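K.L.:
As input, take structure.cif (mmCIF, C-alpha atoms):
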data_work
#
loop_
_atom_site.label_atom_id
_atom_site.label_comp_id
_atom_site.auth_asym_id
_atom_site.auth_seq_id
_atom_site.Cartn_x
_atom_site.Cartn_y
_atom_site.Cartn_z
CA MET Q 1 42.98 79.90 151.48
CA SER Q 2 45.95 82.20 151.80
CA GLN Q 3 48.08 81.69 154.93
CA PRO Q 4 49.75 84.54 156.87
CA PHE Q 5 53.27 83.66 155.69
CA ASP Q 6 52.53 82.51 152.12
CA ALA Q 7 54.24 85.51 150.52
CA LEU Q 8 57.30 85.10 152.77
CA ALA Q 9 57.52 81.39 151.95
CA GLU Q 10 57.32 82.12 148.23
CA THR Q 11 60.09 84.75 148.48
CA LEU Q 12 62.37 82.38 150.38
CA LEU Q 13 61.82 79.52 147.95
CA ARG Q 14 62.44 81.73 144.93
CA GLU Q 15 65.64 83.02 146.53
CA GLY Q 16 66.87 79.47 146.98
CA ILE Q 17 66.21 78.51 150.61
CA ALA Q 18 65.71 74.75 150.93
CA PRO Q 19 61.99 73.89 151.20
CA ARG Q 20 62.45 71.94 154.45
CA HIS Q 21 63.93 75.04 156.12
CA VAL Q 22 61.14 77.20 154.72
CA ARG Q 23 58.47 74.81 156.04
CA ARG Q 24 60.04 74.74 159.47
CA TYR Q 25 60.55 78.52 159.56
CA ILE Q 26 56.94 79.18 158.60
CA GLY Q 27 55.72 76.66 161.18
CA GLU Q 28 57.81 78.21 163.96
CA LEU Q 29 56.77 81.74 162.97
CA GLY Q 30 53.13 80.66 163.12
CA ASP Q 31 53.58 79.24 166.63
CA HIS Q 32 55.52 82.33 167.70
CA LEU Q 33 52.78 84.59 166.35
CA ASP Q 34 50.13 82.63 168.26
CA ALA Q 35 52.16 82.98 171.47
CA LEU Q 36 52.58 86.73 170.88
CA ILE Q 37 48.84 87.17 170.26
CA GLU Q 38 48.06 85.35 173.51
CA ALA Q 39 50.57 87.55 175.35
CA GLN Q 40 48.98 90.70 173.89
CA LYS Q 41 45.55 89.48 174.94
CA ARG Q 42 46.81 88.93 178.48
CA ARG Q 43 47.97 92.55 178.41
CA GLY Q 44 44.43 93.66 177.67
CA TYR Q 45 44.46 94.08 173.90
CA ASP Q 46 41.83 92.14 172.04
CA GLY Q 47 40.99 90.82 168.59
CA GLU Q 48 42.57 92.66 165.68
CA ASP Q 49 44.51 94.98 167.96
CA ALA Q 50 46.30 92.05 169.60
CA GLU Q 51 47.02 90.48 166.20
CA CYS Q 52 48.44 93.73 164.76
CA ARG Q 53 50.70 94.27 167.76
CA ALA Q 54 51.86 90.64 167.67
CA ARG Q 55 52.61 90.82 163.95
CA ALA Q 56 54.63 94.01 164.46
CA LEU Q 57 56.65 92.36 167.24
CA LEU Q 58 57.37 89.37 165.05
CA GLY Q 59 58.91 91.63 162.39
CA PRO Q 60 58.03 92.70 158.85
CA ASP Q 61 58.26 90.17 156.03
CA ASP Q 62 61.34 91.79 154.47
CA GLU Q 63 63.23 91.60 157.77
CA LEU Q 64 62.17 87.97 158.28
CA ALA Q 65 63.22 87.12 154.72
CA ALA Q 66 66.56 88.94 154.96
CA ALA Q 67 67.43 87.09 158.18
CA MET Q 68 66.87 83.74 156.47
CA LEU Q 69 68.63 84.68 153.23
CA ALA Q 70 71.69 85.80 155.18
CA GLN Q 71 72.24 82.21 156.36
CA LYS Q 72 74.13 80.77 153.39
CA ASN Q 73 74.11 77.24 154.77
CA LEU Q 74 70.31 77.11 154.51
CA HIS Q 75 70.34 77.58 150.73
CA ALA Q 76 69.44 74.48 148.68
CA LEU Q 77 71.96 72.74 146.43
CA ALA Q 78 69.44 73.17 143.59
CA ALA Q 79 69.89 76.94 144.01
CA ARG Q 80 73.66 76.96 144.68
CA ALA Q 81 74.60 74.55 141.91
CA PRO Q 82 71.63 74.09 139.53
CA TRP Q 83 74.00 72.92 136.77
CA LEU Q 84 74.90 69.95 138.99
CA VAL Q 85 71.37 69.07 140.07
CA PHE Q 86 69.68 69.60 136.70
CA GLY Q 87 72.58 68.97 134.32
CA VAL Q 88 74.76 66.24 135.84
CA VAL Q 89 72.47 64.23 138.10
CA PRO Q 90 69.71 63.19 135.60
CA PRO Q 91 71.98 60.91 133.50
CA LEU Q 92 73.49 59.49 136.69
CA LEU Q 93 70.01 58.90 138.09
CA ILE Q 94 68.91 57.01 134.98
CA ALA Q 95 72.12 54.95 134.88
CA GLY Q 96 71.82 54.32 138.63
CA MET Q 97 68.21 53.17 138.42
CA LEU Q 98 69.02 50.73 135.61
CA ALA Q 99 72.12 49.49 137.44
CA GLY Q 100 70.00 49.02 140.56
CA THR Q 101 67.38 47.11 138.59
CA GLY Q 102 70.09 44.89 137.08
CA ALA Q 103 71.63 44.23 140.50
CA MET Q 104 68.22 43.45 141.95
CA MET Q 105 67.49 40.93 139.19
CA VAL Q 106 70.86 39.23 139.62
CA ALA Q 107 70.31 39.01 143.38
CA LEU Q 108 66.79 37.67 142.91
CA TRP Q 109 68.05 35.05 140.48
CA HIS Q 110 70.67 33.80 142.89
CA THR Q 111 68.50 33.86 146.01
CA VAL Q 112 65.05 32.80 144.76
CA LEU Q 113 64.53 32.22 141.06
CA ALA Q 114 67.41 29.91 140.06
CA GLY Q 115 65.86 26.89 141.75
CA HIS Q 116 62.38 27.51 140.31
CA VAL Q 117 62.54 28.89 136.79
CA ALA Q 118 65.88 27.53 135.53
CA GLY Q 119 65.35 25.64 132.27
CA THR Q 120 61.79 26.93 131.76
CA GLY Q 121 60.48 29.60 129.39
CA TRP Q 122 60.50 32.03 132.30
CA THR Q 123 64.32 32.05 132.19
CA ILE Q 124 64.06 34.14 129.02
CA ALA Q 125 60.66 35.82 129.43
CA LEU Q 126 61.05 37.15 132.96
CA PRO Q 127 64.28 39.16 132.53
CA LYS Q 128 63.09 40.41 129.15
CA LEU Q 129 59.82 41.67 130.60
CA TRP Q 130 61.58 43.18 133.59
CA SER Q 131 64.25 45.02 131.58
CA THR Q 132 61.64 46.32 129.11
CA ILE Q 133 59.55 47.77 131.96
CA ALA Q 134 62.68 49.35 133.45
CA LEU Q 135 63.73 50.77 130.10
CA TYR Q 136 60.31 52.36 129.54
CA ALA Q 137 59.96 53.62 133.11
CA VAL Q 138 63.30 55.23 134.04
CA ALA Q 139 63.23 58.30 131.80
CA PRO Q 140 59.57 59.25 132.44
CA LEU Q 141 60.09 58.76 136.18
CA THR Q 142 63.23 60.91 136.12
CA ALA Q 143 61.51 63.62 134.09
CA ALA Q 144 58.48 63.64 136.43
CA PHE Q 145 60.80 63.77 139.44
CA TYR Q 146 62.54 66.83 137.99
CA VAL Q 147 59.23 68.58 137.30
CA VAL Q 148 58.39 68.16 140.99
CA ILE Q 149 61.88 69.26 142.07
CA ALA Q 150 61.80 72.36 139.85
CA ARG Q 151 58.37 73.32 141.22
CA LEU Q 152 59.32 72.62 144.82
CA TYR Q 153 62.60 74.54 144.62
CA ARG Q 154 61.13 77.26 142.36
CA ARG Q 155 63.87 76.84 139.77
CA SER Q 156 63.51 78.35 136.34
CA THR Q 157 61.96 76.57 133.37
CA ARG Q 158 65.29 76.47 131.54
CA TRP Q 159 66.84 74.26 134.24
CA LEU Q 160 63.77 72.04 134.16
CA ALA Q 161 63.95 71.90 130.35
CA LEU Q 162 67.59 70.84 130.58
CA ALA Q 163 66.85 67.99 133.00
CA VAL Q 164 63.81 66.77 131.06
CA THR Q 165 65.66 66.95 127.74
CA LEU Q 166 68.62 65.01 129.14
CA SER Q 167 66.27 62.41 130.60
CA ALA Q 168 64.31 62.09 127.37
CA VAL Q 169 67.39 61.82 125.14
CA LEU Q 170 69.17 59.37 127.39
CA GLY Q 171 65.96 57.39 127.94
CA THR Q 172 65.61 57.15 124.16
CA LEU Q 173 69.15 56.07 123.36
CA ILE Q 174 69.94 53.80 126.30
CA THR Q 175 69.80 50.05 125.98
CA PHE Q 176 69.45 47.66 128.87
CA ALA Q 177 69.17 43.91 128.83
CA VAL Q 178 69.33 41.22 131.47
CA ARG Q 179 69.70 37.55 130.65
CA PHE Q 180 69.50 34.77 133.21
CA PRO Q 181 71.88 31.79 132.83
CA ASN Q 182 70.27 29.37 130.35
CA ALA Q 183 71.25 26.29 128.37
CA GLY Q 184 74.88 26.37 129.50
CA LYS Q 185 75.27 30.10 128.78
CA THR Q 186 76.16 32.46 131.59
CA GLY Q 187 73.78 35.28 132.49
CA GLU Q 188 74.56 38.93 131.75
CA VAL Q 189 73.50 42.49 132.45
CA ALA Q 190 74.22 44.79 129.50
CA PHE Q 191 74.01 48.58 129.18
CA GLY Q 192 74.71 50.76 126.16
CA LEU Q 193 73.77 53.75 124.07
CA MET Q 194 72.41 53.22 120.60
CA LEU Q 195 70.47 55.01 117.89
CA SER Q 196 69.12 52.30 115.67
CA SER Q 197 66.78 52.49 112.69
CA ALA Q 198 65.61 48.97 113.56
CA ALA Q 199 64.54 50.10 117.00
CA MET Q 200 63.34 53.56 115.87
CA GLY Q 201 59.68 52.87 116.67
CA GLU Q 202 60.48 51.65 120.15
CA GLN Q 203 62.85 54.56 120.80
CA LEU Q 204 60.35 57.16 119.59
CA THR Q 205 57.70 55.59 121.81
CA ARG Q 206 59.99 55.98 124.83
CA LEU Q 207 60.74 59.59 123.86
CA ALA Q 208 57.03 60.38 123.50
CA LEU Q 209 56.22 58.64 126.79
CA THR Q 210 58.80 60.75 128.64
CA ALA Q 211 57.46 63.95 127.06
CA VAL Q 212 53.85 63.07 127.91
CA VAL Q 213 54.62 62.11 131.53
CA ALA Q 214 56.70 65.29 132.03
CA ALA Q 215 53.96 67.47 130.53
CA ALA Q 216 51.22 65.78 132.58
CA THR Q 217 53.21 66.18 135.81
CA PHE Q 218 53.94 69.82 134.95
CA TYR Q 219 50.24 70.47 134.33
CA ALA Q 220 49.23 68.71 137.57
CA MET Q 221 51.78 70.68 139.62
CA ARG Q 222 51.13 74.05 138.00
CA HIS Q 223 48.46 75.38 140.32
CA ARG Q 224 49.25 73.28 143.35
CA ARG Q 225 50.43 75.05 146.50
CA VAL Q 226 53.83 73.47 147.10
CA VAL Q 227 56.07 74.39 150.04
CA MET X 1 68.48 103.11 172.86
CA ALA X 2 66.19 100.50 174.40
CA GLY X 3 63.59 99.24 171.99
CA GLN X 4 65.49 100.39 168.91
CA SER X 5 66.83 97.94 166.39
CA ASN X 6 70.51 98.44 165.57
CA PRO X 7 71.34 95.66 163.11
CA ASN X 8 74.92 96.64 162.25
CA PHE X 9 76.10 96.47 165.83
CA MET X 10 73.97 93.41 166.51
CA ALA X 11 75.75 91.10 164.06
CA GLY X 12 76.72 87.96 165.96
CA VAL X 13 74.91 89.00 169.15
CA PRO X 14 71.84 86.74 168.74
CA GLU X 15 74.17 83.78 168.17
CA LEU X 16 76.13 84.61 171.32
CA ALA X 17 72.95 85.09 173.35
CA ILE X 18 71.39 81.85 172.08
CA LEU X 19 74.48 79.78 172.85
CA ARG X 20 74.66 81.30 176.35
CA LEU X 21 70.98 80.87 177.20
CA LEU X 22 70.76 77.29 175.99
CA GLN X 23 73.58 76.23 178.30
CA SER X 24 71.20 76.39 181.24
CA ARG X 25 68.29 74.41 179.73
CA GLU X 26 66.53 73.52 176.51
CA MET X 27 64.20 76.21 175.16
CA TYR X 28 61.94 76.88 172.18
CA GLY X 29 62.10 79.99 170.01
CA TYR X 30 59.55 82.14 171.81
CA GLU X 31 61.15 81.37 175.17
CA ILE X 32 64.61 82.27 173.84
CA VAL X 33 63.42 85.62 172.51
CA GLN X 34 61.71 86.51 175.78
CA ALA X 35 64.79 85.44 177.75
CA ILE X 36 67.06 87.60 175.56
CA ARG X 37 64.70 90.53 175.95
CA ALA X 38 64.54 90.10 179.73
CA SER X 39 68.23 89.51 180.33
CA SER X 40 69.31 92.43 178.12
CA ASN X 41 66.73 94.88 179.54
CA ALA X 42 65.25 95.00 176.04
CA VAL X 43 68.43 96.57 174.61
CA ILE X 44 68.90 93.64 172.24
CA THR X 45 65.82 93.81 170.05
CA ALA X 46 64.84 93.05 166.50
CA GLY X 47 61.85 91.44 164.85
CA GLU X 48 61.34 88.41 167.07
CA GLY X 49 61.03 86.07 164.10
CA VAL X 50 64.63 86.63 163.00
CA ILE X 51 65.81 84.32 165.78
CA TYR X 52 64.75 81.22 163.83
CA PRO X 53 67.18 81.49 160.90
CA VAL X 54 70.00 81.81 163.47
CA LEU X 55 68.72 78.72 165.30
CA HIS X 56 68.45 76.75 162.05
CA ALA X 57 71.93 77.79 160.90
CA LEU X 58 73.46 76.90 164.28
CA GLU X 59 71.74 73.53 164.15
CA LYS X 60 72.97 72.93 160.59
CA ASP X 61 76.51 73.71 161.78
CA GLY X 62 76.13 71.20 164.63
CA ALA X 63 76.22 73.84 167.37
CA LEU X 64 72.64 73.07 168.44
CA LYS X 65 70.35 70.10 168.29
CA SER X 66 66.59 70.15 168.31
CA ARG X 67 63.69 67.90 169.17
CA ARG X 68 59.96 68.22 168.73
CA LYS X 69 57.92 68.15 171.89
CA THR X 70 54.16 68.49 172.24
CA VAL X 71 53.17 70.83 175.05
CA GLY X 72 49.53 71.67 175.67
CA GLY X 73 48.54 70.14 172.33
CA ARG X 74 51.06 72.29 170.45
CA ALA X 75 54.18 70.82 168.82
CA ARG X 76 57.22 72.92 169.63
CA VAL X 77 60.82 72.65 168.55
CA TYR X 78 63.14 72.69 171.57
CA TYR X 79 66.82 73.49 171.14
CA THR X 80 69.85 72.47 173.19
CA VAL X 81 73.50 73.33 172.80
CA THR X 82 76.02 70.66 171.73
CA PRO X 83 79.71 70.32 172.71
CA LYS X 84 80.55 71.90 169.35
CA GLY X 85 78.23 74.78 170.26
CA LEU X 86 80.04 75.25 173.58
CA GLU X 87 83.36 75.49 171.73
CA ARG X 88 81.85 78.00 169.35
CA PHE X 89 80.52 79.99 172.31
CA ASP X 90 83.99 80.15 173.89
CA GLY X 91 85.45 81.42 170.62
CA LEU X 92 82.72 84.04 170.24
CA VAL X 93 83.17 85.23 173.83
CA ALA X 94 86.94 85.61 173.33
CA GLU X 95 86.33 87.56 170.11
CA TRP X 96 83.67 89.69 171.76
CA LYS X 97 85.95 90.53 174.72
CA ARG X 98 88.76 91.46 172.36
CA LEU X 99 86.42 93.75 170.41
CA THR X 100 84.79 95.39 173.43
CA GLY X 101 88.24 95.84 175.01
CA ALA X 102 89.42 97.66 171.91
CA VAL X 103 86.31 99.87 171.83
CA HIS X 104 86.68 100.57 175.56
CA THR X 105 90.30 101.58 175.10
CA LEU X 106 89.36 103.81 172.20
CA LEU X 107 86.62 105.55 174.17
CA GLU X 108 88.57 105.90 177.42
CA ASP X 109 91.95 106.96 176.03
CA GLY X 110 90.84 108.88 173.00
CA HIS X 111 94.47 108.54 172.00
CA VAL X 112 95.10 109.04 168.29
CA PRO X 113 98.37 107.41 167.25
CA ALA X 114 100.61 109.17 164.77
CA VAL X 115 100.31 107.65 161.30
#
Could you show the structure in this file as structure tokens?
P.N.:
Amino acid sequence: MSQPFDALAETLLREGIAPRHVRRYIGELGDHLDALIEAQKRRGYDGEDAECRARALLGPDDELAAAMLAQKNLHALAARAPWLVFGVVPPLLIAGMLAGTGAMMVALWHTVLAGHVAGTGWTIALPKLWSTIALYAVAPLTAAFYVVIARLYRRSTRWLALAVTLSAVLGTLITFAVRFPNAGKTGEVAFGLMLSSAAMGEQLTRLALTAVVAAATFYAMRHRRVV
Amino acid sequence: MAGQSNPNFMAGVPELAILRLLQSREMYGYEIVQAIRASSNAVITAGEGVIYPVLHALEKDGALKSRRKTVGGRARVYYTVTPKGLERFDGLVAEWKRLTGAVHTLLEDGHVPAV
């Protein structure tokens, strides 16, 4: 069902106001409108008459939108610097997530696992499983995140396409491996970029997975009311 | 003039009024608008909803802080002025006095200096 300030909210989001400020503005306007309607009713106006007078006192949508748009510090970073949010952050996000996963595994090894799995098959299997999951998950998660961000902040499809493409390409080419200390060898966390014919099948699978997850998220978000 | 909106001359006035009113006690948006209307004999008017972007921007700048409070089953956002807001108010008052002094001089003297 359409809400009284839906059109205003949509205008503000498209013009780049941060969603949290839009949500709060719409909420406060709703409360203010209720208070104005009550005040009009106390003055003797009833029903539609009271609502019309209250809405007029609150101000027309274009005046309410202009007042918000004039406040430059309420504009979202995704609107002020989309090249940064959609062009620079995705690779950093992917690298950061993998670095975080690596750090988590190292910490877990030193605090819990070393005393239990050292010298067993798990010393090899566990980090391999973990790094494979991370490698398959980071790019699709990043792409899905950007689909949500682009929808929430009402940014254009070309910015979304840039972020998803960067995520997919990086997710395809990146390598990530964690090895726990084993048989006298020290452990390691390794990152890299590689296009390998030997790993072509695996890389294409990751590329396809990212594309499918991004497309599915896009489809799911398409008709959803998001403010 | 009362009841008419005059946006060009009103630039900065809502901010000044908000910072002044919130020095006495915390208020929510509707209360602030009614207080401005009452204390200015309805000379300062505009669509009542335009107060919120000013409140949000002042809060973002650290001049105000807000808290949610439930009153009569309704959650309201109450605003209070911060020390930074008080400093900003003093600056705005000084600027306002300088401007009104200049306009007053212009209207009273009507003196046109030689260029």
K.L.:
Kindly indicate which residue among X:Leu64, X:Val103, X:Val54, X:Ala46 lies nearest to Ala70 of chain Q, using only C-alpha atoms for the distances.
P.N.:
X:Val54
K.L.:
From the set Q:Ala18, Q:Val227, Q:Leu173, Q:Ala214, which residue has the shortest atom-to-atom contact distance to Ala161 of chain Q, counting all atoms listed in the file?
P.N.:
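Comparing Q:Ala18, Q:Val227, Q:Leu173, Q:Ala214 against Ala161 of chain Q, the winner is Q:Ala214.
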K.L.:
Quick one: which residues end up in the PyMOL selection byres ((chain Q and resi 183-200) around 9) for this structure, as a list in words?
P.N.:
Ala95, Leu98, Ala99, Gly102, Ala103, Val106, Gly119, Leu170, Thr172, Leu173, Ile174, Thr175, Phe176, Ala177, Val178, Arg179, Phe180, Pro181, Asn182, Gly201, Glu202, Gln203, Leu204 and Thr205 of chain Q
K.L.:
Please identify every residue of chain X that has at least one atom no more than 9 Å from any atom of chain Q, counting all atoms listed in the file, and report them as a list of chain:residue names.
P.N.:
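Result: X:Gly29, X:Tyr30, X:Ala46, X:Gly47, X:Glu48, X:Gly49, X:Val50, X:Ile51, X:Tyr52, X:Pro53, X:Val54, X:His56, X:Ala57, X:Lys60, X:Asp61, X:Arg74, X:Ala75, X:Arg76, X:Val77.
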K.L.:
How many Å lie between atom CA of Leu13 of chain Q and atom CA of Leu55 of chain X, rounded to one decimal?
P.N.:
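That distance, rounded to one decimal, is 18.7 Å.
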K.L.:
Would you mind reading off the distance between atom CA of Val147 of chain Q and atom CA of Pro4 of chain Q, one decimal, in Å?
P.N.:
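Rounded to one decimal, the two atoms are 27.0 Å apart.
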K.L.:
Of the candidates X:Val33, X:Val71, X:Leu16, X:Val43, which one gets nearest to Lys97 of chain X if we count only C-alpha atoms?
P.N.:
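Comparing X:Val33, X:Val71, X:Leu16, X:Val43 against Lys97 of chain X, the winner is X:Leu16.
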K.L.:
In Å, rounded to a single decimal, give me how far atom CA of Leu92 of chain X is from atom CA of Gly12 of chain X.
P.N.:
8.3 Å
K.L.:
As lines of an AutoDock Vina configuration file, please: the centre and edge lengths in Å, to one decimal, of an axis-aligned box enclosing every listed atom of segment 16-31 of chain X with 6 Å added on each side.
P.N.:
center_x = 67.8
center_y = 79.3
center_z = 175.6
size_x = 28.6
size_y = 23.6
size_z = 23.2
K.L.:
So, counting all atoms listed in the file, which residue among X:Arg98, X:Arg25, X:Arg37, X:Arg20 is closest to Thr80 of chain X?
P.N.:
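Comparing X:Arg98, X:Arg25, X:Arg37, X:Arg20 against Thr80 of chain X, the winner is X:Arg25.
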K.L.:
Which is closer to Thr142 of chain Q than all the others in Q:Thr123, Q:Thr210, Q:Ser156, Q:Thr111, using all atoms listed in the file?
P.N.:
Q:Thr210
